[in-house]
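Enquirer: My questions will all concern the structure given below.
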Amino acid sequence: MNDDPLLKYRSLFPILEKTTYLVSHSLGAMPRTVYDQMKAYADKWATRGVRAWSEGWWDAPLETGNLLAAIFDAPAGSVIMHQNVSVAESVIASALEFKAPRNKVVYTELNFPTVQYVWEAARRRGAETFSVKSRDGMTIELADMLAAIDERTLLVEISHVLYKSGFLMDAREIIKKARAVGAMVLLDCYQSTGTVPFSVRDLEVDIVVGGSVKWLCGGPGAGYLYVRPDLMQRFEPTVTGWAAHADPFAFETGAIRYAPDARRFLHGSPSVPALYAARAGYEIISEIGVRAIRARSEKLTEWFYDACIEAGFVPTSPRDVRRRGGTVTVSVDREGGPSSPLGLAVKTELERREIIVDFRPGAGIRVSPHFYNTQEELERFIRETQQILASGAWKQHAGKGVVH
Ligand SMILES: Cc1ncc(COP(=O)(O)O)c(C=O)c1O
């Protein structure tokens with residue numbers, strides 16, 4: 001497994017030279033080519049000045065979106081860049097009318113908190129929210145999800161892969177049920193894009209959001225929004241601005257005339273530097289292909305899952321690889337369980353030893369091998385964790401660990 005052809009990409013990621021980097025569910029490693037992209041951005045500004053807008057900057061949200069569209073099989077012109085998921089979902093929420101009887105928004109309590117805040121805020125505008133509860137704190141039962149979706153449902157908001165546990169939701173079945181009752185589905189693919197292959201066309205999903213910080217290795221400030229082209233015209237966001245106008249440089253006064261394509265979801269001037277940086281990661285992911293990344297991820301995580309059990313740890317992610325994204329969560333405290341603060345102390349000592357993972361109460365330590373990681377690095381995580389537990393080296397960090 002240490003001679004996998006994908007390992008030739010390791011040299012593109014500077015941090016891997018000295019660090020065992022297993023935290024791509026949080027912040028993917030920076031590709032070396034980000035330096036070139038940032039220089040290209042600065043050179044353009046320095047030499048072209050205001051002409052930069054018409055020479056690529058203004059179109060960057062759509063052009064960058066097209067690179068992502070190719071990754072998840074969306075048609076060109078259907079993906080637009082935003083700063084982050086929270087903004088992208090707020091733009092969608094602003095376009096919805098929450099009129100009874102179809103004013104229900106279904107989400108799950110294991111969604112990333114930021115999106116729960118967005119939809120709870122929509123209650124003030126007439127939305128009735130329904131949060132599907134988890135039975136075990138790590139997964140959502142499909143039956144519970146399907147039962148919550150009914151004729152009163154306007155929108156279903158789900159994470160494709162749950163951030164806390166790595167649980168992979170059955171998006172296809174949920175979309176099928178939503179369609180049958182006339183509801184839309186908004187799929188948050190932040191934890192799947194770049195590690196779990198999917199096609200928006202094949203899934204027939206209505207709306208997709210995500211960001212670039214994690215598996216896409218694209219850095220912060222590059223969130224994305226896909227809306228099914230045949231649905232787009234129905235959305236007239238009230239969170240809007242001149243970049244969403246059909247002809248922004250006509251400087252028309254009064255009410256907006258929305259752009260016919262995904263630009264209609266924009267607001268003001270784009271965050272250009274973030275979009276330059278993000279392209280470096282997208283290019284590498286596209287070149288490798290998410291299918292190949294997933295195949296490697298399955299091999300590494302399957303091996304790791306069993307190796308953790310053998311080492312005396314307790315994996316808390318689903319056992320079945322088909323129900324897991326790229327992350328395996330593991331409790332290193334057999335008695336205390338996955339919420340034990342011992343996990344945070346161990347993670348902190350690992351970090352001091354240049355092994356980067358993170359910790360979430362309820363799940364334990366999150367470990368995420370990406371295409372650039374080796375089995376040897378996972379072995380190192382296990383070996384050092386055992387040593388930290390046996391030697392008591394974690395005690396110096398007890399009650400002091402930093403969550404990020
Ligand atoms: C599934 C998921 N959605 C959303 C976010 C973050 O949202 P935002 O882009 O608004 O920071 C994260 C993690 O940071 C996440 O894991």
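Residues in the structure tokens are numbered from 1 in each chain, the chains being A, B, ... in the order shown, and ligands are numbered from 1 in the order shown.
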So which residues are near ligand 1, meaning at most 6 Å away with only C-alpha atoms and all ligand atoms counted, given back as a ChimeraX atom specification?
Expert: /A:84-86,112,114,159,163,188,190-191,211
Enquirer: List the neighbours of Thr129 in chain A out to 9 Å using only C-alpha atoms; skip same-chain residues closer than 4 positions along the sequence, and give me the result as a list in words.
Expert: Asn103, Lys104, Val105, Val106, Tyr107, Trp119, Glu120, Ala122 and Arg123 of chain A
Enquirer: Please dump the current selection as a PDB file, in the first residue's frame; keep N, CA and C atoms.
Expert:
```pdb
ATOM      1  N   ASN A 103     -44.283  24.856   4.455  1.00  0.00           N
ATOM      2  CA  ASN A 103     -43.276  25.753   5.030  1.00  0.00           C
ATOM      3  C   ASN A 103     -42.294  25.005   5.936  1.00  0.00           C
ATOM      4  N   LYS A 104     -42.277  23.676   5.787  1.00  0.00           N
ATOM      5  CA  LYS A 104     -41.449  22.871   6.701  1.00  0.00           C
ATOM      6  C   LYS A 104     -40.039  22.653   6.134  1.00  0.00           C
ATOM      7  N   VAL A 105     -39.048  22.839   6.994  1.00  0.00           N
ATOM      8  CA  VAL A 105     -37.649  22.573   6.615  1.00  0.00           C
ATOM      9  C   VAL A 105     -37.150  21.429   7.504  1.00  0.00           C
ATOM     10  N   VAL A 106     -36.742  20.335   6.862  1.00  0.00           N
ATOM     11  CA  VAL A 106     -36.273  19.168   7.612  1.00  0.00           C
ATOM     12  C   VAL A 106     -34.753  19.125   7.550  1.00  0.00           C
ATOM     13  N   TYR A 107     -34.111  19.031   8.711  1.00  0.00           N
ATOM     14  CA  TYR A 107     -32.660  18.812   8.726  1.00  0.00           C
ATOM     15  C   TYR A 107     -32.343  17.812   9.822  1.00  0.00           C
ATOM     16  N   TRP A 119     -31.169  27.822   9.165  1.00  0.00           N
ATOM     17  CA  TRP A 119     -32.579  27.436   8.979  1.00  0.00           C
ATOM     18  C   TRP A 119     -33.421  27.777  10.190  1.00  0.00           C
ATOM     19  N   GLU A 120     -32.818  27.754  11.378  1.00  0.00           N
ATOM     20  CA  GLU A 120     -33.575  28.203  12.557  1.00  0.00           C
ATOM     21  C   GLU A 120     -33.893  29.688  12.436  1.00  0.00           C
ATOM     22  N   ALA A 122     -34.604  31.180   9.805  1.00  0.00           N
ATOM     23  CA  ALA A 122     -35.706  31.330   8.850  1.00  0.00           C
ATOM     24  C   ALA A 122     -37.070  31.166   9.515  1.00  0.00           C
ATOM     25  N   ARG A 123     -37.082  30.700  10.745  1.00  0.00           N
ATOM     26  CA  ARG A 123     -38.370  30.601  11.469  1.00  0.00           C
ATOM     27  C   ARG A 123     -39.032  31.970  11.576  1.00  0.00           C
TER      28      ARG A 123
END
```
Enquirer: Go through range 75-268 of chain A and collect every residue that DSSP, computed from the backbone, puts in helix (DSSP H, G or I); the answer should be as number ranges by chain.
Expert: A: 85-95, 113-125, 142-148, 171-181, 200-203, 229-232, 242-244, 248-250, 262-265
Enquirer: May I ask which of the residues A:Leu186, A:Val272, A:Leu6, A:Ala255 is the closest one to Ala42 in chain A, counting only C-alpha atoms?
Expert: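 Among the listed residues, the smallest separation from Ala42 in chain A belongs to A:Val272.
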Enquirer: Write down as a list of chain:residue names the residues belonging to range 193-319 of chain A that are assigned strand (DSSP E or B) by DSSP computed on the backbone.
Expert: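 Assigned to strand (DSSP E or B), within range 193-319 of chain A: A:Ile207, A:Val208, A:Val209, A:Gly210, A:Gly223, A:Tyr224, A:Leu225, A:Tyr226, A:Val227, A:His245, A:Tyr258, A:Val314, A:Pro315.
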Enquirer: I need the chosen residues saved as a PDB file, in the first residue's frame, with N, CA and C atoms.
Expert:
```pdb
ATOM      1  N   ILE A 207     -30.097  21.152  -5.005  1.00  0.00           N
ATOM      2  CA  ILE A 207     -29.125  22.177  -4.604  1.00  0.00           C
ATOM      3  C   ILE A 207     -27.961  21.479  -3.877  1.00  0.00           C
ATOM      4  N   VAL A 208     -26.753  21.948  -4.163  1.00  0.00           N
ATOM      5  CA  VAL A 208     -25.578  21.408  -3.470  1.00  0.00           C
ATOM      6  C   VAL A 208     -24.742  22.582  -2.966  1.00  0.00           C
ATOM      7  N   VAL A 209     -24.240  22.461  -1.747  1.00  0.00           N
ATOM      8  CA  VAL A 209     -23.291  23.457  -1.231  1.00  0.00           C
ATOM      9  C   VAL A 209     -22.076  22.732  -0.670  1.00  0.00           C
ATOM     10  N   GLY A 210     -21.023  23.475  -0.469  1.00  0.00           N
ATOM     11  CA  GLY A 210     -19.823  22.913   0.153  1.00  0.00           C
ATOM     12  C   GLY A 210     -18.751  23.981   0.165  1.00  0.00           C
ATOM     13  N   GLY A 223     -16.360  28.842  -0.902  1.00  0.00           N
ATOM     14  CA  GLY A 223     -17.557  27.994  -0.814  1.00  0.00           C
ATOM     15  C   GLY A 223     -18.222  27.923  -2.178  1.00  0.00           C
ATOM     16  N   TYR A 224     -19.058  26.910  -2.381  1.00  0.00           N
ATOM     17  CA  TYR A 224     -19.718  26.795  -3.686  1.00  0.00           C
ATOM     18  C   TYR A 224     -21.202  26.458  -3.544  1.00  0.00           C
ATOM     19  N   LEU A 225     -21.927  26.818  -4.586  1.00  0.00           N
ATOM     20  CA  LEU A 225     -23.377  26.589  -4.622  1.00  0.00           C
ATOM     21  C   LEU A 225     -23.762  26.106  -6.007  1.00  0.00           C
ATOM     22  N   TYR A 226     -24.397  24.940  -6.059  1.00  0.00           N
ATOM     23  CA  TYR A 226     -24.949  24.416  -7.315  1.00  0.00           C
ATOM     24  C   TYR A 226     -26.465  24.431  -7.195  1.00  0.00           C
ATOM     25  N   VAL A 227     -27.133  24.889  -8.252  1.00  0.00           N
ATOM     26  CA  VAL A 227     -28.590  24.770  -8.317  1.00  0.00           C
ATOM     27  C   VAL A 227     -28.936  24.136  -9.658  1.00  0.00           C
ATOM     28  N   HIS A 245     -26.863  40.690 -11.089  1.00  0.00           N
ATOM     29  CA  HIS A 245     -27.650  41.340 -12.133  1.00  0.00           C
ATOM     30  C   HIS A 245     -27.322  40.763 -13.516  1.00  0.00           C
ATOM     31  N   TYR A 258     -32.397  39.658 -12.514  1.00  0.00           N
ATOM     32  CA  TYR A 258     -31.441  38.586 -12.193  1.00  0.00           C
ATOM     33  C   TYR A 258     -30.762  38.016 -13.429  1.00  0.00           C
ATOM     34  N   VAL A 314     -11.269   1.924  20.212  1.00  0.00           N
ATOM     35  CA  VAL A 314     -12.651   1.610  19.819  1.00  0.00           C
ATOM     36  C   VAL A 314     -13.089   2.539  18.682  1.00  0.00           C
ATOM     37  N   PRO A 315     -13.112   2.044  17.429  1.00  0.00           N
ATOM     38  CA  PRO A 315     -13.599   2.903  16.342  1.00  0.00           C
ATOM     39  C   PRO A 315     -15.069   3.227  16.572  1.00  0.00           C
TER      40      PRO A 315
END
```
Enquirer: Go through range 303-341 of chain A residue by residue and, counting only C-alpha atoms, keep those with an atom at most 9 Å from range 350-370 of chain A; for each kept residue give the shortest atom pair and its distance in Å to one decimal, ordered by chain and increasing number, as a Markdown table.
Expert:
```
| residue | atom | partner | partner_atom | distance |
| --- | --- | --- | --- | --- |
| A:Pro315 | CA | A:Gly364 | CA | 8.5 |
| A:Thr316 | CA | A:Ala363 | CA | 6.2 |
| A:Ser317 | CA | A:Ala363 | CA | 7.8 |
| A:Gly326 | CA | A:Ser368 | CA | 5.9 |
| A:Thr327 | CA | A:Ser368 | CA | 4.5 |
| A:Val328 | CA | A:Val367 | CA | 5.4 |
| A:Thr329 | CA | A:Arg366 | CA | 4.4 |
| A:Val330 | CA | A:Ile365 | CA | 5.2 |
| A:Ser331 | CA | A:Gly364 | CA | 4.6 |
| A:Val332 | CA | A:Gly364 | CA | 7.3 |
| A:Asp333 | CA | A:Gly364 | CA | 8.7 |
| A:Gly337 | CA | A:Gly364 | CA | 7.8 |
| A:Pro338 | CA | A:Gly364 | CA | 4.3 |
| A:Ser339 | CA | A:Pro361 | CA | 4.2 |
| A:Ser340 | CA | A:Pro361 | CA | 7.2 |
| A:Pro341 | CA | A:Pro361 | CA | 7.8 |
```
Enquirer: Of the candidates A:Glu236, A:Asp136, A:Asp202, A:Glu151, which one gets nearest to Ala178 in chain A if we count only C-alpha atoms?
Expert: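 Answer, going by the shortest atom-to-atom distance: A:Glu151.
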Enquirer: Which residues are near range 389-398 of chain A? Cut-off 12 Å, only C-alpha atoms, ignore same chain within fewer than 3 positions. Put them as a VMD selection string.
Expert: chain A and resid 311 to 313 332 to 334 340 to 353 382 to 386 401 to 402
Enquirer: Pick from A:Ala292, A:Leu22, A:Ala88, A:Met232: nearest to Leu266 in chain A, with only C-alpha atoms counted?
Expert: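 That would be A:Ala88, the residue with the smallest distance to Leu266 in chain A.
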Enquirer: Tell me which protein, DNA and RNA residues are within 10 Å of Gln233 in chain A, counting only C-alpha atoms, leaving out same-chain ones fewer than 4 positions away, and put them as a PyMOL selection string.
Expert: chain A and resi 227-229+258-262+264
Enquirer: Restricting the calculation to only C-alpha atoms: of A:Ser131, A:Thr19, A:Asn373, A:Ser54, which residue gets closest to Ile293 in chain A?
Expert: A:Asn373
Enquirer: So the first atom is CA of Thr153 in chain A and the second is CA of Ala183 in chain A; what is the distance between them in Å, to one decimal place?
Expert: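 Separation between CA of Thr153 in chain A and CA of Ala183 in chain A: 5.6 Å.
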Enquirer: Taking 2 positions as the minimum chain separation for residues in the same chain, which residues sit within 9 Å of Val185 in chain A when counting only C-alpha atoms? Answer as number ranges by chain.
Expert: A: 154-158, 174-175, 178-179, 183, 187, 205-208
Enquirer: Dump N, CA and C atoms for the selected residues as a PDB file, in the first residue's frame?
Expert:
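Below you can see result.pdb, which holds the result:
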```pdb
ATOM      1  N   LEU A 154     -40.974  21.801   2.457  1.00  0.00           N
ATOM      2  CA  LEU A 154     -40.500  22.657   1.366  1.00  0.00           C
ATOM      3  C   LEU A 154     -39.072  22.268   1.001  1.00  0.00           C
ATOM      4  N   LEU A 155     -38.248  22.032   2.021  1.00  0.00           N
ATOM      5  CA  LEU A 155     -36.826  21.785   1.800  1.00  0.00           C
ATOM      6  C   LEU A 155     -36.289  20.767   2.816  1.00  0.00           C
ATOM      7  N   VAL A 156     -35.422  19.883   2.315  1.00  0.00           N
ATOM      8  CA  VAL A 156     -34.708  18.951   3.191  1.00  0.00           C
ATOM      9  C   VAL A 156     -33.234  19.323   3.106  1.00  0.00           C
ATOM     10  N   GLU A 157     -32.610  19.583   4.251  1.00  0.00           N
ATOM     11  CA  GLU A 157     -31.199  19.973   4.267  1.00  0.00           C
ATOM     12  C   GLU A 157     -30.412  18.858   4.943  1.00  0.00           C
ATOM     13  N   ILE A 158     -29.558  18.182   4.180  1.00  0.00           N
ATOM     14  CA  ILE A 158     -28.766  17.109   4.800  1.00  0.00           C
ATOM     15  C   ILE A 158     -27.283  17.247   4.444  1.00  0.00           C
ATOM     16  N   ILE A 174     -33.182   9.595   0.169  1.00  0.00           N
ATOM     17  CA  ILE A 174     -33.793  10.805   0.750  1.00  0.00           C
ATOM     18  C   ILE A 174     -34.309  11.710  -0.371  1.00  0.00           C
ATOM     19  N   ILE A 175     -33.519  11.831  -1.434  1.00  0.00           N
ATOM     20  CA  ILE A 175     -33.940  12.661  -2.573  1.00  0.00           C
ATOM     21  C   ILE A 175     -35.198  12.054  -3.217  1.00  0.00           C
ATOM     22  N   ALA A 178     -38.157  12.907  -1.113  1.00  0.00           N
ATOM     23  CA  ALA A 178     -38.470  14.340  -1.198  1.00  0.00           C
ATOM     24  C   ALA A 178     -39.178  14.643  -2.519  1.00  0.00           C
ATOM     25  N   ARG A 179     -38.677  14.064  -3.589  1.00  0.00           N
ATOM     26  CA  ARG A 179     -39.285  14.291  -4.914  1.00  0.00           C
ATOM     27  C   ARG A 179     -40.735  13.814  -4.916  1.00  0.00           C
ATOM     28  N   ALA A 183     -40.879  18.067  -2.400  1.00  0.00           N
ATOM     29  CA  ALA A 183     -39.937  18.900  -1.635  1.00  0.00           C
ATOM     30  C   ALA A 183     -38.589  18.955  -2.347  1.00  0.00           C
ATOM     31  N   LEU A 187     -28.146  19.490  -0.455  1.00  0.00           N
ATOM     32  CA  LEU A 187     -27.144  18.542   0.034  1.00  0.00           C
ATOM     33  C   LEU A 187     -25.851  19.299   0.356  1.00  0.00           C
ATOM     34  N   VAL A 205     -30.226  15.763  -7.531  1.00  0.00           N
ATOM     35  CA  VAL A 205     -30.351  16.633  -6.363  1.00  0.00           C
ATOM     36  C   VAL A 205     -30.622  18.069  -6.834  1.00  0.00           C
ATOM     37  N   ASP A 206     -31.370  18.826  -6.036  1.00  0.00           N
ATOM     38  CA  ASP A 206     -31.776  20.178  -6.451  1.00  0.00           C
ATOM     39  C   ASP A 206     -30.680  21.211  -6.194  1.00  0.00           C
ATOM     40  N   ILE A 207     -30.097  21.152  -5.005  1.00  0.00           N
ATOM     41  CA  ILE A 207     -29.125  22.177  -4.604  1.00  0.00           C
ATOM     42  C   ILE A 207     -27.961  21.479  -3.877  1.00  0.00           C
ATOM     43  N   VAL A 208     -26.753  21.948  -4.163  1.00  0.00           N
ATOM     44  CA  VAL A 208     -25.578  21.408  -3.470  1.00  0.00           C
ATOM     45  C   VAL A 208     -24.742  22.582  -2.966  1.00  0.00           C
TER      46      VAL A 208
END
```
Enquirer: Tell me, in Å to one decimal, how far CA of Phe167 in chain A is from CA of Gly399 in chain A.
Expert: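 A separation of 28.5 Å between them.
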Enquirer: What separation in Å, quoted to one decimal, exists between CA of Val290 in chain A and CA of Val91 in chain A?
Expert: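 Separation between CA of Val290 in chain A and CA of Val91 in chain A: 28.2 Å.
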Enquirer: With distances taken over only C-alpha atoms, which of A:Pro31, A:Arg323, A:His267, A:Leu7 is nearest to Pro248 in chain A?
Expert: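 For Pro248 in chain A, the nearest of the given residues is A:His267.
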